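Dumped input_0.pdb below, it's PDB, C-alpha atoms:
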```
ATOM      1  CA  MET A   1       4.224 -10.761  -1.022
ATOM      2  CA  THR A   2       1.025 -12.545  -0.055
ATOM      3  CA  ASP A   3       1.098 -14.634   3.130
ATOM      4  CA  ASN A   4      -1.717 -17.178   2.846
ATOM      5  CA  VAL A   5      -0.901 -18.668   6.264
ATOM      6  CA  ASN A   6      -0.641 -15.697   8.629
ATOM      7  CA  SER A   7      -2.637 -12.987   6.898
ATOM      8  CA  PRO A   8      -4.601 -13.984   3.809
ATOM      9  CA  PRO A   9      -5.697 -10.757   2.105
ATOM     10  CA  HIS A  10      -9.212 -12.047   1.428
ATOM     11  CA  TYR A  11      -9.839 -12.343   5.204
ATOM     12  CA  ASN A  12      -9.362  -8.623   5.847
ATOM     13  CA  SER A  13     -11.484  -6.974   3.187
ATOM     14  CA  THR A  14     -13.747  -5.154   5.675
ATOM     15  CA  GLY A  15     -11.105  -3.597   7.938
ATOM     16  CA  ILE A  16     -11.312  -6.268  10.651
ATOM     17  CA  GLU A  17      -9.563  -9.596  10.404
ATOM     18  CA  CYS A  18     -12.169 -12.324  10.005
ATOM     19  CA  ILE A  19     -10.478 -14.393  12.724
ATOM     20  CA  ASP A  20     -10.812 -11.517  15.214
ATOM     21  CA  TYR A  21     -14.498 -11.160  14.377
ATOM     22  CA  ILE A  22     -15.043 -14.897  14.853
ATOM     23  CA  HIS A  23     -13.306 -14.665  18.238
ATOM     24  CA  GLN A  24     -15.564 -11.770  19.242
ATOM     25  CA  VAL A  25     -18.706 -13.658  18.302
ATOM     26  CA  LEU A  26     -17.760 -17.037  19.798
ATOM     27  CA  GLY A  27     -16.003 -15.859  22.961
ATOM     28  CA  ASP A  28     -12.831 -17.480  24.262
ATOM     29  CA  GLU A  29     -14.052 -21.046  24.828
ATOM     30  CA  GLY A  30     -15.980 -21.203  21.562
ATOM     31  CA  PHE A  31     -13.015 -19.747  19.729
ATOM     32  CA  VAL A  32     -10.651 -22.401  21.108
ATOM     33  CA  ALA A  33     -13.081 -25.072  19.880
ATOM     34  CA  TYR A  34     -13.188 -23.354  16.468
ATOM     35  CA  CYS A  35      -9.376 -23.360  16.308
ATOM     36  CA  ARG A  36      -9.250 -27.039  17.243
ATOM     37  CA  GLY A  37     -11.717 -27.844  14.475
ATOM     38  CA  ASN A  38      -9.602 -25.985  11.947
ATOM     39  CA  MET A  39      -6.474 -27.805  13.123
ATOM     40  CA  ILE A  40      -8.251 -31.101  12.449
ATOM     41  CA  LYS A  41      -9.415 -29.882   9.034
ATOM     42  CA  TYR A  42      -6.003 -28.700   7.851
ATOM     43  CA  ASN A  43      -4.224 -31.805   9.135
ATOM     44  CA  HIS A  44      -6.804 -34.077   7.538
ATOM     45  CA  ARG A  45      -6.602 -32.605   4.061
ATOM     46  CA  ALA A  46      -2.929 -31.610   4.032
ATOM     47  CA  PHE A  47      -1.851 -34.349   1.661
ATOM     48  CA  HIS A  48      -4.907 -34.248  -0.588
ATOM     49  CA  LYS A  49      -4.731 -30.697  -1.990
ATOM     50  CA  GLY A  50      -1.145 -30.531  -3.177
ATOM     51  CA  LYS A  51      -0.225 -27.882  -0.599
ATOM     52  CA  ALA A  52       0.787 -30.032   2.368
ATOM     53  CA  ILE A  53       3.328 -27.598   3.794
ATOM     54  CA  GLU A  54       0.915 -24.661   3.631
ATOM     55  CA  ASP A  55      -1.906 -26.655   5.213
ATOM     56  CA  LEU A  56       0.315 -27.975   8.009
ATOM     57  CA  LYS A  57       1.485 -24.418   8.689
ATOM     58  CA  LYS A  58      -2.158 -23.330   8.873
ATOM     59  CA  ALA A  59      -2.887 -26.125  11.358
ATOM     60  CA  GLU A  60       0.072 -24.928  13.419
ATOM     61  CA  TRP A  61      -1.195 -21.335  13.211
ATOM     62  CA  TYR A  62      -4.575 -22.365  14.638
ATOM     63  CA  ASN A  63      -2.844 -24.392  17.347
ATOM     64  CA  ASN A  64      -0.763 -21.360  18.329
ATOM     65  CA  ARG A  65      -3.825 -19.112  18.360
ATOM     66  CA  ALA A  66      -5.750 -21.558  20.574
ATOM     67  CA  ASN A  67      -2.784 -21.724  22.941
ATOM     68  CA  GLN A  68      -2.648 -17.927  23.172
ATOM     69  CA  VAL A  69      -6.293 -17.769  24.198
ATOM     70  CA  LEU A  70      -5.938 -20.672  26.640
ATOM     71  CA  SER A  71      -2.906 -19.005  28.216
ATOM     72  CA  LYS A  72      -4.935 -15.829  28.690
ATOM     73  CA  LEU A  73      -7.777 -17.803  30.260
ATOM     74  CA  ASN A  74      -5.414 -19.576  32.646
ATOM     75  CA  GLU A  75      -3.906 -16.274  33.763
ATOM     76  CA  SER A  76      -7.322 -14.968  34.753
ATOM     77  CA  VAL A  77      -8.120 -17.998  36.948
TER
END
```
Conversion result in structure tokens:
Amino acid sequence: MTDNVNSPPHYNSTGIECIDYIHQVLGDEGFVAYCRGNMIKYNHRAFHKGKAIEDLKKAEWYNNRANQVLSKLNESV
């Protein structure tokens, strides 16, 4: 079964998850900002696409991912 929230198949066509590549390129602080931007995007359009639950879950996913990175950063301080 396809999971469009946690692991969309079209984001892993090259052998590396797109989100992991973005994290590599942006670094931790840039990646947290990227996640925050995506949270805003998914919350903003949640009730305009007809997939509110999926979009709100995606916003939550990005929030969780940002928190994971921030937790790691705080541990290293």
Problem - Residues within 12 Å of region 54-62 of chain A, only C-alpha atoms, excluding chain neighbours under 4 positions, as a VMD selection string - result: chain A and resid 3 to 8 19 31 to 50 66 to 69
Can I get the selected residues back with C-alpha atoms, as a CSV table (one decimal), in the coordinates of the input?
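File produced: selection08.csv:
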```csv
chain,number,residue,atom,x,y,z
A,3,ASP,CA,1.1,-14.6,3.1
A,4,ASN,CA,-1.7,-17.2,2.8
A,5,VAL,CA,-0.9,-18.7,6.3
A,6,ASN,CA,-0.6,-15.7,8.6
A,7,SER,CA,-2.6,-13.0,6.9
A,8,PRO,CA,-4.6,-14.0,3.8
A,19,ILE,CA,-10.5,-14.4,12.7
A,31,PHE,CA,-13.0,-19.7,19.7
A,32,VAL,CA,-10.7,-22.4,21.1
A,33,ALA,CA,-13.1,-25.1,19.9
A,34,TYR,CA,-13.2,-23.4,16.5
A,35,CYS,CA,-9.4,-23.4,16.3
A,36,ARG,CA,-9.2,-27.0,17.2
A,37,GLY,CA,-11.7,-27.8,14.5
A,38,ASN,CA,-9.6,-26.0,11.9
A,39,MET,CA,-6.5,-27.8,13.1
A,40,ILE,CA,-8.3,-31.1,12.4
A,41,LYS,CA,-9.4,-29.9,9.0
A,42,TYR,CA,-6.0,-28.7,7.9
A,43,ASN,CA,-4.2,-31.8,9.1
A,44,HIS,CA,-6.8,-34.1,7.5
A,45,ARG,CA,-6.6,-32.6,4.1
A,46,ALA,CA,-2.9,-31.6,4.0
A,47,PHE,CA,-1.9,-34.3,1.7
A,48,HIS,CA,-4.9,-34.2,-0.6
A,49,LYS,CA,-4.7,-30.7,-2.0
A,50,GLY,CA,-1.1,-30.5,-3.2
A,66,ALA,CA,-5.8,-21.6,20.6
A,67,ASN,CA,-2.8,-21.7,22.9
A,68,GLN,CA,-2.6,-17.9,23.2
A,69,VAL,CA,-6.3,-17.8,24.2
```
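The two atoms in question, CA of Ser71 (chain A) and CA of Glu29 (chain A), are spaced 11.8 Å apart.
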Fill in the blank from the handout: CA of Gly30 (chain A) sits from CA of Lys72 (chain A) at a separation of 14.2 Å
Handout entry: d(CA of Leu70 (chain A), CA of Gln24 (chain A)) in Å
Key =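 Straight-line distance from CA of Leu70 (chain A) to CA of Gln24 (chain A) works out to 15.1 Å.
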